[in-house]
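What follows is the content of input.pdb (PDB, C-alpha atoms).
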ATOM      1  CA  MET A   1     -50.728  12.245  -7.529
ATOM      2  CA  ASN A   2     -48.773  12.089  -4.255
ATOM      3  CA  VAL A   3     -47.838   8.481  -5.043
ATOM      4  CA  ASN A   4     -46.434   9.581  -8.417
ATOM      5  CA  LYS A   5     -44.494  12.363  -6.710
ATOM      6  CA  HIS A   6     -43.065   9.868  -4.224
ATOM      7  CA  VAL A   7     -42.045   7.461  -7.024
ATOM      8  CA  ASP A   8     -40.446  10.384  -8.871
ATOM      9  CA  GLU A   9     -38.616  11.430  -5.743
ATOM     10  CA  SER A  10     -37.280   7.957  -4.984
ATOM     11  CA  SER A  11     -36.027   7.517  -8.566
ATOM     12  CA  GLN A  12     -34.370  10.947  -8.375
ATOM     13  CA  ILE A  13     -32.731   9.930  -5.096
ATOM     14  CA  LYS A  14     -31.419   6.720  -6.706
ATOM     15  CA  LEU A  15     -29.891   8.764  -9.528
ATOM     16  CA  ALA A  16     -28.532  11.356  -7.076
ATOM     17  CA  LYS A  17     -26.810   8.586  -5.111
ATOM     18  CA  GLN A  18     -25.030   7.657  -8.356
ATOM     19  CA  GLY A  19     -23.806  11.262  -8.567
ATOM     20  CA  ASP A  20     -26.305  12.567 -11.164
ATOM     21  CA  ALA A  21     -26.173  16.384 -10.930
ATOM     22  CA  ALA A  22     -29.517  16.881 -12.739
ATOM     23  CA  ALA A  23     -31.302  14.586 -10.264
ATOM     24  CA  PHE A  24     -29.783  16.466  -7.328
ATOM     25  CA  ALA A  25     -30.790  19.767  -8.919
ATOM     26  CA  THR A  26     -34.419  18.594  -9.347
ATOM     27  CA  LEU A  27     -34.582  17.402  -5.741
ATOM     28  CA  PHE A  28     -33.154  20.671  -4.445
ATOM     29  CA  ARG A  29     -35.358  22.868  -6.638
ATOM     30  CA  GLU A  30     -38.481  21.049  -5.416
ATOM     31  CA  ASN A  31     -37.501  21.240  -1.742
ATOM     32  CA  TYR A  32     -35.832  24.665  -1.727
ATOM     33  CA  PRO A  33     -38.913  26.801  -0.801
ATOM     34  CA  PHE A  34     -39.861  24.379   1.999
ATOM     35  CA  LEU A  35     -36.296  24.390   3.329
ATOM     36  CA  VAL A  36     -35.862  28.173   3.225
ATOM     37  CA  LYS A  37     -39.273  28.804   4.800
ATOM     38  CA  TYR A  38     -38.451  26.359   7.591
ATOM     39  CA  LEU A  39     -35.096  28.068   8.139
ATOM     40  CA  ILE A  40     -36.714  31.524   8.228
ATOM     41  CA  LYS A  41     -38.963  30.222  11.010
ATOM     42  CA  ILE A  42     -36.143  28.873  13.154
ATOM     43  CA  THR A  43     -33.554  31.588  12.464
ATOM     44  CA  LEU A  44     -35.984  34.526  12.184
ATOM     45  CA  HIS A  45     -33.597  35.950   9.608
ATOM     46  CA  ILE A  46     -33.984  35.811   5.824
ATOM     47  CA  ASP A  47     -30.301  36.097   4.838
ATOM     48  CA  VAL A  48     -29.170  33.537   7.409
ATOM     49  CA  ALA A  49     -31.937  31.183   6.215
ATOM     50  CA  GLU A  50     -30.752  31.405   2.582
ATOM     51  CA  GLU A  51     -27.119  30.932   3.605
ATOM     52  CA  ILE A  52     -27.892  27.864   5.752
ATOM     53  CA  ALA A  53     -30.081  26.454   2.937
ATOM     54  CA  GLN A  54     -27.113  26.530   0.528
ATOM     55  CA  GLU A  55     -24.800  24.973   3.110
ATOM     56  CA  THR A  56     -27.428  22.301   3.795
ATOM     57  CA  MET A  57     -27.570  21.397   0.102
ATOM     58  CA  ALA A  58     -23.759  21.184  -0.009
ATOM     59  CA  ARG A  59     -23.741  18.888   3.033
ATOM     60  CA  SER A  60     -26.521  16.707   1.649
ATOM     61  CA  ILE A  61     -24.458  16.101  -1.534
ATOM     62  CA  GLU A  62     -21.660  14.725   0.644
ATOM     63  CA  LYS A  63     -24.017  12.715   2.854
ATOM     64  CA  ILE A  64     -26.488  11.371   0.282
ATOM     65  CA  HIS A  65     -25.150   7.815   0.746
ATOM     66  CA  LEU A  66     -26.391   7.999   4.374
ATOM     67  CA  TYR A  67     -30.003   8.752   3.379
ATOM     68  CA  ASN A  68     -31.970   5.545   3.917
ATOM     69  CA  GLY A  69     -35.378   6.681   2.654
ATOM     70  CA  LYS A  70     -37.136   6.026   5.983
ATOM     71  CA  SER A  71     -38.138   9.677   6.254
ATOM     72  CA  LYS A  72     -39.162  12.110   3.515
ATOM     73  CA  PHE A  73     -36.298  13.777   1.660
ATOM     74  CA  SER A  74     -37.547  17.163   2.921
ATOM     75  CA  SER A  75     -37.434  15.905   6.530
ATOM     76  CA  TRP A  76     -33.896  14.653   5.990
ATOM     77  CA  LEU A  77     -32.921  18.076   4.620
ATOM     78  CA  ILE A  78     -34.394  19.969   7.558
ATOM     79  CA  SER A  79     -32.643  17.598   9.934
ATOM     80  CA  ILE A  80     -29.277  18.463   8.312
ATOM     81  CA  ALA A  81     -30.219  22.162   8.249
ATOM     82  CA  THR A  82     -31.183  22.212  11.937
ATOM     83  CA  ASN A  83     -27.981  20.529  13.082
ATOM     84  CA  HIS A  84     -25.892  22.767  10.858
ATOM     85  CA  TYR A  85     -27.622  25.891  12.218
ATOM     86  CA  ILE A  86     -27.055  24.743  15.819
ATOM     87  CA  ASP A  87     -23.369  24.050  15.045
ATOM     88  CA  GLN A  88     -23.002  27.496  13.491
ATOM     89  CA  LEU A  89     -24.604  29.156  16.510
ATOM     90  CA  ARG A  90     -22.262  27.320  18.886
ATOM     91  CA  LYS A  91     -19.280  28.503  16.867
ATOM     92  CA  LYS A  92     -20.584  32.063  16.625
ATOM     93  CA  LYS A  93     -21.482  32.224  20.312
ATOM     94  CA  ARG A  94     -17.787  31.991  21.051
ATOM     95  CA  GLU A  95     -17.195  35.061  18.901
ATOM     96  CA  ILE A  96     -20.314  37.199  19.152
ATOM     97  CA  ASN A  97     -22.462  37.924  22.208
ATOM     98  CA  TRP A  98     -26.109  36.974  22.599
ATOM     99  CA  GLN A  99     -27.360  40.348  21.366
ATOM    100  CA  ALA A 100     -26.871  39.191  17.775
ATOM    101  CA  ASN A 101     -29.989  37.034  18.001
ATOM    102  CA  GLU A 102     -32.051  39.909  19.310
ATOM    103  CA  TYR A 103     -30.881  41.924  16.301
ATOM    104  CA  ASP A 104     -31.941  39.127  13.924
ATOM    105  CA  ALA A 105     -35.529  39.163  15.171
ATOM    106  CA  ARG A 106     -35.610  42.946  14.864
ATOM    107  CA  GLY A 107     -34.434  42.668  11.266
ATOM    108  CA  LEU A 108     -37.364  40.449  10.347
ATOM    109  CA  LYS A 109     -39.748  42.763  12.211
ATOM    110  CA  TRP A 110     -38.394  45.665  10.173
ATOM    111  CA  HIS A 111     -38.955  43.629   6.981
ATOM    112  CA  PHE A 112     -42.647  43.296   7.849
ATOM    113  CA  GLU A 113     -43.089  46.900   8.955
ATOM    114  CA  SER A 114     -41.421  48.244   5.808
ATOM    115  CA  ARG A 115     -44.039  46.409   3.765
ATOM    116  CA  ASN A 116     -46.831  47.783   5.986
ATOM    117  CA  GLU A 117     -47.570  44.259   7.161
ATOM    118  CA  GLU A 118     -48.534  43.331  10.686
ATOM    119  CA  TRP A 119     -45.880  41.917  13.017
ATOM    120  CA  ASN A 120     -47.059  39.159  15.312
ATOM    121  CA  ASP A 121     -46.508  39.240  19.105
ATOM    122  CA  ALA A 122     -46.166  35.470  19.190
ATOM    123  CA  LEU A 123     -43.155  35.732  16.851
ATOM    124  CA  ASN A 124     -41.625  38.284  19.196
ATOM    125  CA  ALA A 125     -42.096  35.878  22.086
ATOM    126  CA  LEU A 126     -40.739  32.995  20.006
ATOM    127  CA  GLY A 127     -37.695  35.103  19.080
ATOM    128  CA  LYS A 128     -36.881  35.631  22.741
ATOM    129  CA  LEU A 129     -36.579  31.882  23.330
ATOM    130  CA  SER A 130     -33.240  30.152  22.894
ATOM    131  CA  GLU A 131     -32.945  28.068  19.720
ATOM    132  CA  ASP A 132     -32.732  24.896  21.884
ATOM    133  CA  VAL A 133     -36.344  25.556  22.835
ATOM    134  CA  ARG A 134     -37.628  27.390  19.765
ATOM    135  CA  ILE A 135     -36.677  24.678  17.266
ATOM    136  CA  PRO A 136     -38.455  21.786  19.071
ATOM    137  CA  ILE A 137     -41.616  23.930  19.454
ATOM    138  CA  ILE A 138     -41.685  24.710  15.725
ATOM    139  CA  LEU A 139     -40.993  21.107  14.725
ATOM    140  CA  LYS A 140     -43.621  19.743  17.112
ATOM    141  CA  HIS A 141     -46.470  22.215  16.856
ATOM    142  CA  TYR A 142     -46.057  23.700  13.388
ATOM    143  CA  TYR A 143     -44.663  20.783  11.379
ATOM    144  CA  GLY A 144     -46.310  18.032  13.443
ATOM    145  CA  TYR A 145     -43.255  15.829  14.026
ATOM    146  CA  SER A 146     -43.422  13.432  16.965
ATOM    147  CA  TYR A 147     -41.143  13.765  20.004
ATOM    148  CA  ASP A 148     -39.280  10.642  18.831
ATOM    149  CA  GLU A 149     -38.683  12.092  15.358
ATOM    150  CA  ILE A 150     -37.493  15.440  16.772
ATOM    151  CA  GLY A 151     -35.253  13.562  19.197
ATOM    152  CA  GLN A 152     -33.677  11.689  16.292
ATOM    153  CA  MET A 153     -33.202  14.911  14.341
ATOM    154  CA  LEU A 154     -31.569  16.786  17.217
ATOM    155  CA  LYS A 155     -29.803  13.721  18.676
ATOM    156  CA  LEU A 156     -31.586  14.160  22.009
ATOM    157  CA  SER A 157     -33.935  11.953  24.018
ATOM    158  CA  PRO A 158     -37.708  12.353  23.400
ATOM    159  CA  GLY A 159     -38.089  13.212  27.118
ATOM    160  CA  THR A 160     -35.701  16.146  26.802
ATOM    161  CA  ILE A 161     -37.575  17.385  23.719
ATOM    162  CA  LYS A 162     -40.908  17.078  25.534
ATOM    163  CA  SER A 163     -39.718  19.116  28.498
ATOM    164  CA  ARG A 164     -38.157  21.769  26.237
ATOM    165  CA  VAL A 165     -41.409  22.118  24.272
ATOM    166  CA  HIS A 166     -43.407  22.379  27.513
ATOM    167  CA  ASN A 167     -41.067  24.967  29.062
ATOM    168  CA  GLY A 168     -41.072  26.945  25.824
ATOM    169  CA  ILE A 169     -44.855  27.039  25.630
ATOM    170  CA  VAL A 170     -45.010  28.211  29.261
ATOM    171  CA  ALA A 171     -42.493  30.980  28.464
ATOM    172  CA  VAL A 172     -44.485  32.138  25.404
ATOM    173  CA  ARG A 173     -47.675  32.024  27.480
ATOM    174  CA  LYS A 174     -46.111  34.338  30.045
ATOM    175  CA  GLU A 175     -44.715  36.641  27.365
ATOM    176  CA  LEU A 176     -48.127  36.917  25.684
ATOM    177  CA  LYS A 177     -49.763  37.329  29.120
ATOM    178  CA  LEU A 178     -52.363  34.719  28.207
ATOM    179  CA  ASP A 179     -52.803  33.645  31.843
ATOM    180  CA  GLU A 180     -53.785  37.199  32.823
ATOM    181  CA  GLU A 181     -56.073  37.497  29.804
ATOM    182  CA  ASN A 182     -57.790  34.267  30.771
ATOM    183  CA  LYS A 183     -58.121  35.417  34.383
ATOM    184  CA  ASN A 184     -59.706  38.716  33.286
ATOM    185  CA  HIS A 185     -62.142  36.827  31.059
ATOM    186  CA  SER A 186     -63.245  34.571  33.890
ATOM    187  CA  ILE A 187     -63.698  37.593  36.210
ATOM    188  CA  GLU A 188     -65.793  39.316  33.521
ATOM    189  CA  ASN A 189     -67.890  36.169  33.057
ATOM    190  CA  ARG A 190     -68.488  35.830  36.787
ATOM    191  CA  SER A 191     -69.532  39.501  37.132
ATOM    192  CA  THR A 192     -72.014  39.232  34.215
ATOM    193  CA  ASN A 193     -73.486  36.052  35.704
TER     194      ASN A 193
ATOM    195  CA  MET B   1     -47.979  32.156  54.458
ATOM    196  CA  LYS B   2     -47.997  33.115  50.831
ATOM    197  CA  LYS B   3     -51.003  31.717  48.963
ATOM    198  CA  THR B   4     -50.208  29.851  45.767
ATOM    199  CA  LYS B   5     -52.572  30.219  42.877
ATOM    200  CA  ILE B   6     -53.816  26.914  41.484
ATOM    201  CA  ILE B   7     -55.115  26.883  37.928
ATOM    202  CA  PRO B   8     -57.311  23.898  37.039
ATOM    203  CA  LEU B   9     -55.745  21.514  34.499
ATOM    204  CA  LYS B  10     -58.456  22.054  31.892
ATOM    205  CA  THR B  11     -57.894  25.819  31.867
ATOM    206  CA  ASP B  12     -54.162  25.231  31.674
ATOM    207  CA  GLN B  13     -54.552  23.010  28.609
ATOM    208  CA  LEU B  14     -56.896  25.542  27.057
ATOM    209  CA  ILE B  15     -54.310  28.308  27.448
ATOM    210  CA  ASP B  16     -51.629  26.018  25.997
ATOM    211  CA  THR B  17     -53.834  25.339  22.958
ATOM    212  CA  LYS B  18     -54.387  29.073  22.593
ATOM    213  CA  THR B  19     -50.632  29.702  22.850
ATOM    214  CA  VAL B  20     -49.869  27.087  20.173
ATOM    215  CA  LYS B  21     -52.559  28.612  17.953
ATOM    216  CA  LYS B  22     -50.999  32.069  18.328
ATOM    217  CA  ILE B  23     -47.520  30.690  17.594
ATOM    218  CA  ASN B  24     -48.761  28.901  14.477
ATOM    219  CA  GLU B  25     -50.565  32.034  13.290
ATOM    220  CA  GLY B  26     -47.312  33.944  13.678
ATOM    221  CA  LEU B  27     -45.336  31.292  11.828
ATOM    222  CA  ASP B  28     -47.963  31.206   9.062
ATOM    223  CA  HIS B  29     -47.282  34.912   8.699
ATOM    224  CA  LEU B  30     -43.652  34.142   7.822
ATOM    225  CA  ASN B  31     -44.803  32.052   4.847
ATOM    226  CA  GLU B  32     -45.792  35.337   3.191
ATOM    227  CA  ILE B  33     -42.110  36.240   2.772
ATOM    228  CA  PRO B  34     -41.342  35.617  -0.911
ATOM    229  CA  VAL B  35     -38.642  33.006  -1.546
ATOM    230  CA  GLN B  36     -36.706  33.373  -4.784
ATOM    231  CA  ILE B  37     -36.127  29.926  -6.268
ATOM    232  CA  PRO B  38     -33.084  29.750  -8.555
ATOM    233  CA  ASN B  39     -33.526  27.933 -11.872
ATOM    234  CA  GLN B  40     -32.592  24.306 -12.657
ATOM    235  CA  LEU B  41     -29.311  25.365 -14.282
ATOM    236  CA  TRP B  42     -28.169  27.224 -11.169
ATOM    237  CA  PHE B  43     -28.877  24.157  -9.038
ATOM    238  CA  GLU B  44     -27.029  21.886 -11.491
ATOM    239  CA  GLN B  45     -23.976  24.162 -11.503
ATOM    240  CA  PHE B  46     -24.099  24.339  -7.712
ATOM    241  CA  VAL B  47     -24.152  20.512  -7.460
ATOM    242  CA  ILE B  48     -21.257  20.093  -9.951
ATOM    243  CA  GLU B  49     -19.216  22.689  -8.041
ATOM    244  CA  GLN B  50     -19.863  20.967  -4.704
ATOM    245  CA  GLN B  51     -19.064  17.536  -6.139
ATOM    246  CA  MET B  52     -15.734  18.863  -7.434
ATOM    247  CA  LYS B  53     -14.973  20.444  -4.052
ATOM    248  CA  ALA B  54     -15.813  17.172  -2.281
ATOM    249  CA  ARG B  55     -13.602  15.186  -4.676
ATOM    250  CA  SER B  56     -10.597  17.495  -4.173
ATOM    251  CA  LYS B  57     -11.165  17.447  -0.388
ATOM    252  CA  TRP B  58     -11.196  13.631  -0.450
ATOM    253  CA  ARG B  59      -8.010  13.524  -2.551
ATOM    254  CA  LYS B  60      -6.255  15.888  -0.113
ATOM    255  CA  GLU B  61      -7.330  13.835   2.899
ATOM    256  CA  VAL B  62      -6.231  10.527   1.335
ATOM    257  CA  SER B  63      -2.824  11.957   0.323
ATOM    258  CA  LEU B  64      -2.324  13.383   3.812
ATOM    259  CA  PHE B  65      -3.243  10.006   5.322
ATOM    260  CA  PHE B  66      -0.765   8.107   3.150
ATOM    261  CA  LEU B  67       1.977  10.681   3.745
ATOM    262  CA  LEU B  68       1.477  10.469   7.509
ATOM    263  CA  ALA B  69       1.300   6.659   7.450
ATOM    264  CA  LEU B  70       4.471   6.498   5.345
ATOM    265  CA  THR B  71       6.346   8.834   7.725
ATOM    266  CA  ILE B  72       5.299   6.876  10.809
ATOM    267  CA  LEU B  73       6.089   3.514   9.199
ATOM    268  CA  SER B  74       9.515   4.641   7.979
ATOM    269  CA  GLY B  75      10.283   5.980  11.454
ATOM    270  CA  ILE B  76       9.275   2.688  13.067
ATOM    271  CA  ILE B  77      11.211   0.531  10.578
ATOM    272  CA  TYR B  78      14.269   2.774  10.882
ATOM    273  CA  SER B  79      14.215   2.562  14.691
ATOM    274  CA  LEU B  80      13.729  -1.239  14.542
ATOM    275  CA  TYR B  81      16.912  -1.748  12.473
ATOM    276  CA  SER B  82      19.102   1.066  13.788
ATOM    277  CA  ASN B  83      18.145   1.136  17.466
ATOM    278  CA  PRO B  84      15.918  -1.710  18.755
ATOM    279  CA  ILE B  85      15.782  -0.193  22.284
ATOM    280  CA  ILE B  86      14.101   2.945  20.960
ATOM    281  CA  PHE B  87      11.720   0.708  18.991
ATOM    282  CA  ILE B  88      10.719  -1.220  22.159
ATOM    283  CA  ALA B  89      10.391   2.050  24.090
ATOM    284  CA  LEU B  90       8.100   3.436  21.362
ATOM    285  CA  GLN B  91       5.934   0.300  21.495
ATOM    286  CA  GLY B  92       5.701   0.595  25.287
ATOM    287  CA  LEU B  93       4.821   4.292  25.044
ATOM    288  CA  ALA B  94       2.067   3.523  22.531
ATOM    289  CA  ILE B  95       0.526   0.845  24.807
ATOM    290  CA  ILE B  96       0.664   3.171  27.850
ATOM    291  CA  SER B  97      -0.887   6.055  25.852
ATOM    292  CA  ILE B  98      -3.793   3.877  24.680
ATOM    293  CA  ALA B  99      -4.403   2.589  28.225
ATOM    294  CA  LEU B 100      -4.270   6.146  29.625
ATOM    295  CA  TYR B 101      -6.694   7.364  26.980
ATOM    296  CA  PHE B 102      -9.294   4.724  27.909
ATOM    297  CA  ILE B 103      -8.826   5.315  31.656
ATOM    298  CA  ILE B 104      -9.365   9.086  31.253
ATOM    299  CA  LEU B 105     -12.399   8.421  29.038
ATOM    300  CA  SER B 106     -14.036   6.111  31.608
ATOM    301  CA  VAL B 107     -13.270   8.556  34.476
ATOM    302  CA  LYS B 108     -14.912  11.366  32.474
ATOM    303  CA  LYS B 109     -17.999   9.203  31.843
ATOM    304  CA  VAL B 110     -18.329   8.350  35.566
ATOM    305  CA  THR B 111     -17.999  12.028  36.595
ATOM    306  CA  LYS B 112     -20.565  13.047  33.956
ATOM    307  CA  HIS B 113     -23.113  10.483  35.203
ATOM    308  CA  ALA B 114     -22.454  11.395  38.844
ATOM    309  CA  GLY B 115     -22.857  15.091  38.033
TER     310      GLY B 115
END

Would it be possible to restate this file's structure as structure tokens?
Amino acid sequence: MNVNKHVDESSQIKLAKQGDAAAFATLFRENYPFLVKYLIKITLHIDVAEEIAQETMARSIEKIHLYNGKSKFSSWLISIATNHYIDQLRKKKREINWQANEYDARGLKWHFESRNEEWNDALNALGKLSEDVRIPIILKHYYGYSYDEIGQMLKLSPGTIKSRVHNGIVAVRKELKLDEENKNHSIENRSTN
Amino acid sequence: MKKTKIIPLKTDQLIDTKTVKKINEGLDHLNEIPVQIPNQLWFEQFVIEQQMKARSKWRKEVSLFFLLALTILSGIIYSLYSNPIIFIALQGLAIISIALYFIILSVKKVTKHAG
């Protein structure tokens, strides 16, 4: 079934490269939920995620001739989306102060609370990280990309990605106070023994 | 002297695994947010619109390029026939500007690597 899907996708890509609007539309419709969900995770904002998703599709129409088929189409899309989001942030950082990001995370938290759903502390901790650190963590540990692949996506060396992921995990660990929790557990274990 | 706390490597890795697990649980939570997928027609219209925008952008850029090239070329040809000294001076200025550009670029690279 996956093989059929892949064949379908590659034939759609061939047609899209020839400028076929229906083929593009099929590719986008199939990858849209994946793209938006990925963008929600890195932006922590629903509206921004939908906006970047549309801009990503527009960019991919212009850049389709550069897609070489080495990676999945969805991976290529999230690579464009990530770079576009980083570019946007750099532009906006000149205009708006850093508090905007804090507000974004609060907005998503409010979305969950308004639906009486539980908000996760790990997301809070993740939201406090800069996007330079947050994005590599999500790509590595949630989506399972290798350091090399993330490096190619973000145009950085795999070593830089590795150190950013490590530093990010340490920061989340501190924020979640997991070291203290672990210490308390070991004290409890020793006292019961 | 202040004592530094040393955590064994195994415990450290265990906490890291726990941290990643918590992060992934949190991110899984975000998948519950409903995503509204527009229909095929919307996507097709979006693509056609973007293709038209890209085409008009390309046309504008090409026209601007030809207009600029034509202006520069006419200027150069005019100076060559009306005032050859200005033409030679312009050629010299162009060579110096290119050389300066590459010198500044290499200096910047050296300072970046040294920094």

Taking a cut-off of 9 Å and counting all atoms listed in the file, can you build a table that, for each residue of chain A near chain B, reports the nearest atom pair and how far apart they are in Å (one decimal), sorted by chain then residue number, as JSON lines?
{"residue": "A:Gly19", "atom": "CA", "partner": "B:Gln51", "partner_atom": "CA", "distance": 8.2}
{"residue": "A:Ala21", "atom": "CA", "partner": "B:Glu44", "partner_atom": "CA", "distance": 5.6}
{"residue": "A:Ala22", "atom": "CA", "partner": "B:Glu44", "partner_atom": "CA", "distance": 5.7}
{"residue": "A:Ala23", "atom": "CA", "partner": "B:Glu44", "partner_atom": "CA", "distance": 8.5}
{"residue": "A:Phe24", "atom": "CA", "partner": "B:Val47", "partner_atom": "CA", "distance": 6.9}
{"residue": "A:Ala25", "atom": "CA", "partner": "B:Phe43", "partner_atom": "CA", "distance": 4.8}
{"residue": "A:Thr26", "atom": "CA", "partner": "B:Gln40", "partner_atom": "CA", "distance": 6.8}
{"residue": "A:Phe28", "atom": "CA", "partner": "B:Phe43", "partner_atom": "CA", "distance": 7.2}
{"residue": "A:Arg29", "atom": "CA", "partner": "B:Gln40", "partner_atom": "CA", "distance": 6.8}
{"residue": "A:Tyr32", "atom": "CA", "partner": "B:Ile37", "partner_atom": "CA", "distance": 7.0}
{"residue": "A:Pro33", "atom": "CA", "partner": "B:Val35", "partner_atom": "CA", "distance": 6.3}
{"residue": "A:Val36", "atom": "CA", "partner": "B:Val35", "partner_atom": "CA", "distance": 7.3}
{"residue": "A:Lys37", "atom": "CA", "partner": "B:Asn31", "partner_atom": "CA", "distance": 6.4}
{"residue": "A:Tyr38", "atom": "CA", "partner": "B:Asn31", "partner_atom": "CA", "distance": 9.0}
{"residue": "A:Ile40", "atom": "CA", "partner": "B:Leu30", "partner_atom": "CA", "distance": 7.4}
{"residue": "A:Lys41", "atom": "CA", "partner": "B:Leu27", "partner_atom": "CA", "distance": 6.5}
{"residue": "A:Leu44", "atom": "CA", "partner": "B:Leu30", "partner_atom": "CA", "distance": 8.8}
{"residue": "A:Ile46", "atom": "CA", "partner": "B:Ile33", "partner_atom": "CA", "distance": 8.7}
{"residue": "A:Met57", "atom": "CA", "partner": "B:Val47", "partner_atom": "CA", "distance": 8.3}
{"residue": "A:Ala58", "atom": "CA", "partner": "B:Gln50", "partner_atom": "CA", "distance": 6.1}
{"residue": "A:Arg59", "atom": "CA", "partner": "B:Gln50", "partner_atom": "CA", "distance": 8.9}
{"residue": "A:Ile61", "atom": "CA", "partner": "B:Gln51", "partner_atom": "CA", "distance": 7.2}
{"residue": "A:Glu62", "atom": "CA", "partner": "B:Ala54", "partner_atom": "CA", "distance": 7.0}
{"residue": "A:Phe112", "atom": "CA", "partner": "B:Ile33", "partner_atom": "CA", "distance": 8.7}
{"residue": "A:Glu118", "atom": "CA", "partner": "B:His29", "partner_atom": "CA", "distance": 8.7}
{"residue": "A:Trp119", "atom": "CA", "partner": "B:Gly26", "partner_atom": "CA", "distance": 8.1}
{"residue": "A:Asn120", "atom": "CA", "partner": "B:Gly26", "partner_atom": "CA", "distance": 5.5}
{"residue": "A:Asp121", "atom": "CA", "partner": "B:Gly26", "partner_atom": "CA", "distance": 7.6}
{"residue": "A:Ala122", "atom": "CA", "partner": "B:Ile23", "partner_atom": "CA", "distance": 5.2}
{"residue": "A:Leu123", "atom": "CA", "partner": "B:Gly26", "partner_atom": "CA", "distance": 5.5}
{"residue": "A:Ala125", "atom": "CA", "partner": "B:Ile23", "partner_atom": "CA", "distance": 8.7}
{"residue": "A:Leu126", "atom": "CA", "partner": "B:Ile23", "partner_atom": "CA", "distance": 7.6}
{"residue": "A:Ile137", "atom": "CA", "partner": "B:Val20", "partner_atom": "CA", "distance": 8.9}
{"residue": "A:Ile138", "atom": "CA", "partner": "B:Asn24", "partner_atom": "CA", "distance": 8.3}
{"residue": "A:His141", "atom": "CA", "partner": "B:Val20", "partner_atom": "CA", "distance": 6.8}
{"residue": "A:Tyr142", "atom": "CA", "partner": "B:Asn24", "partner_atom": "CA", "distance": 6.0}
{"residue": "A:Ile169", "atom": "CA", "partner": "B:Asp16", "partner_atom": "CA", "distance": 6.9}
{"residue": "A:Val170", "atom": "CA", "partner": "B:Asp16", "partner_atom": "CA", "distance": 7.7}
{"residue": "A:Val172", "atom": "CA", "partner": "B:Thr19", "partner_atom": "CA", "distance": 7.1}
{"residue": "A:Arg173", "atom": "CA", "partner": "B:Thr19", "partner_atom": "CA", "distance": 6.0}
{"residue": "A:Leu176", "atom": "CA", "partner": "B:Thr19", "partner_atom": "CA", "distance": 8.1}
{"residue": "A:Leu178", "atom": "CA", "partner": "B:Ile15", "partner_atom": "CA", "distance": 6.7}
{"residue": "A:Asp179", "atom": "CA", "partner": "B:Ile15", "partner_atom": "CA", "distance": 7.1}
{"residue": "A:Asn182", "atom": "CA", "partner": "B:Ile15", "partner_atom": "CA", "distance": 7.7}

Written as a VMD selection string, which residues does the PyMOL selection byres ((chain A and resi 158-161) around 9) give for the file shown? chain A and resid 133 136 to 137 146 to 152 154 156 to 157 162 to 166

As a PyMOL selection string, please: the residues near A:Asn83 (cut-off 10 Å, only C-alpha atoms, same-chain neighbours under 4 positions excluded). chain A and resi 56+78-79+87-89+153-155

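One distance worth recording is that between atom CA of A:Gln18 and atom CA of A:Glu55, which is 20.8 Å.
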
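Of note, atom CA of A:Ala171 and atom CA of A:Ala49 are spaced 24.6 Å apart.
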
Hits from the PyMOL selection byres ((chain A and resi 65) around 10), listed as a PDB file with C-alpha atoms, in the coordinates of the input:
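See part18.pdb below for the written result:
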ATOM      1  CA  ILE A  13     -32.731   9.930  -5.096  1.00  0.00           C
ATOM      2  CA  LYS A  14     -31.419   6.720  -6.706  1.00  0.00           C
ATOM      3  CA  ALA A  16     -28.532  11.356  -7.076  1.00  0.00           C
ATOM      4  CA  LYS A  17     -26.810   8.586  -5.111  1.00  0.00           C
ATOM      5  CA  GLN A  18     -25.030   7.657  -8.356  1.00  0.00           C
ATOM      6  CA  SER A  60     -26.521  16.707   1.649  1.00  0.00           C
ATOM      7  CA  ILE A  61     -24.458  16.101  -1.534  1.00  0.00           C
ATOM      8  CA  GLU A  62     -21.660  14.725   0.644  1.00  0.00           C
ATOM      9  CA  LYS A  63     -24.017  12.715   2.854  1.00  0.00           C
ATOM     10  CA  ILE A  64     -26.488  11.371   0.282  1.00  0.00           C
ATOM     11  CA  LEU A  66     -26.391   7.999   4.374  1.00  0.00           C
ATOM     12  CA  TYR A  67     -30.003   8.752   3.379  1.00  0.00           C
ATOM     13  CA  ASN A  68     -31.970   5.545   3.917  1.00  0.00           C
TER      14      ASN A  68
END

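Among the candidate residues A:Ser130, A:Asn124, A:Thr82, A:Ser71, the one lying nearest to A:Leu35 is A:Thr82, with distances computed using all atoms listed in the file.
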
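For the atom pair formed by atom CA of A:Asp8 and atom CA of A:Ala81, the distance is 23.2 Å, given to one decimal.
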
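Counting only C-alpha atoms, the residue from A:Glu51, A:Glu175, A:Asp132, A:Glu30 that sits nearest to A:Glu9 is A:Glu30.
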
With 3 Å added on each side, what axis-aligned box encloses every listed atom of stretch 137-142 of chain A? Give the centre and edge lengths in Å to one decimal, as lines of an AutoDock Vina configuration file.
center_x = -43.7
center_y = 22.2
center_z = 16.4
size_x = 11.5
size_y = 11.0
size_z = 12.1
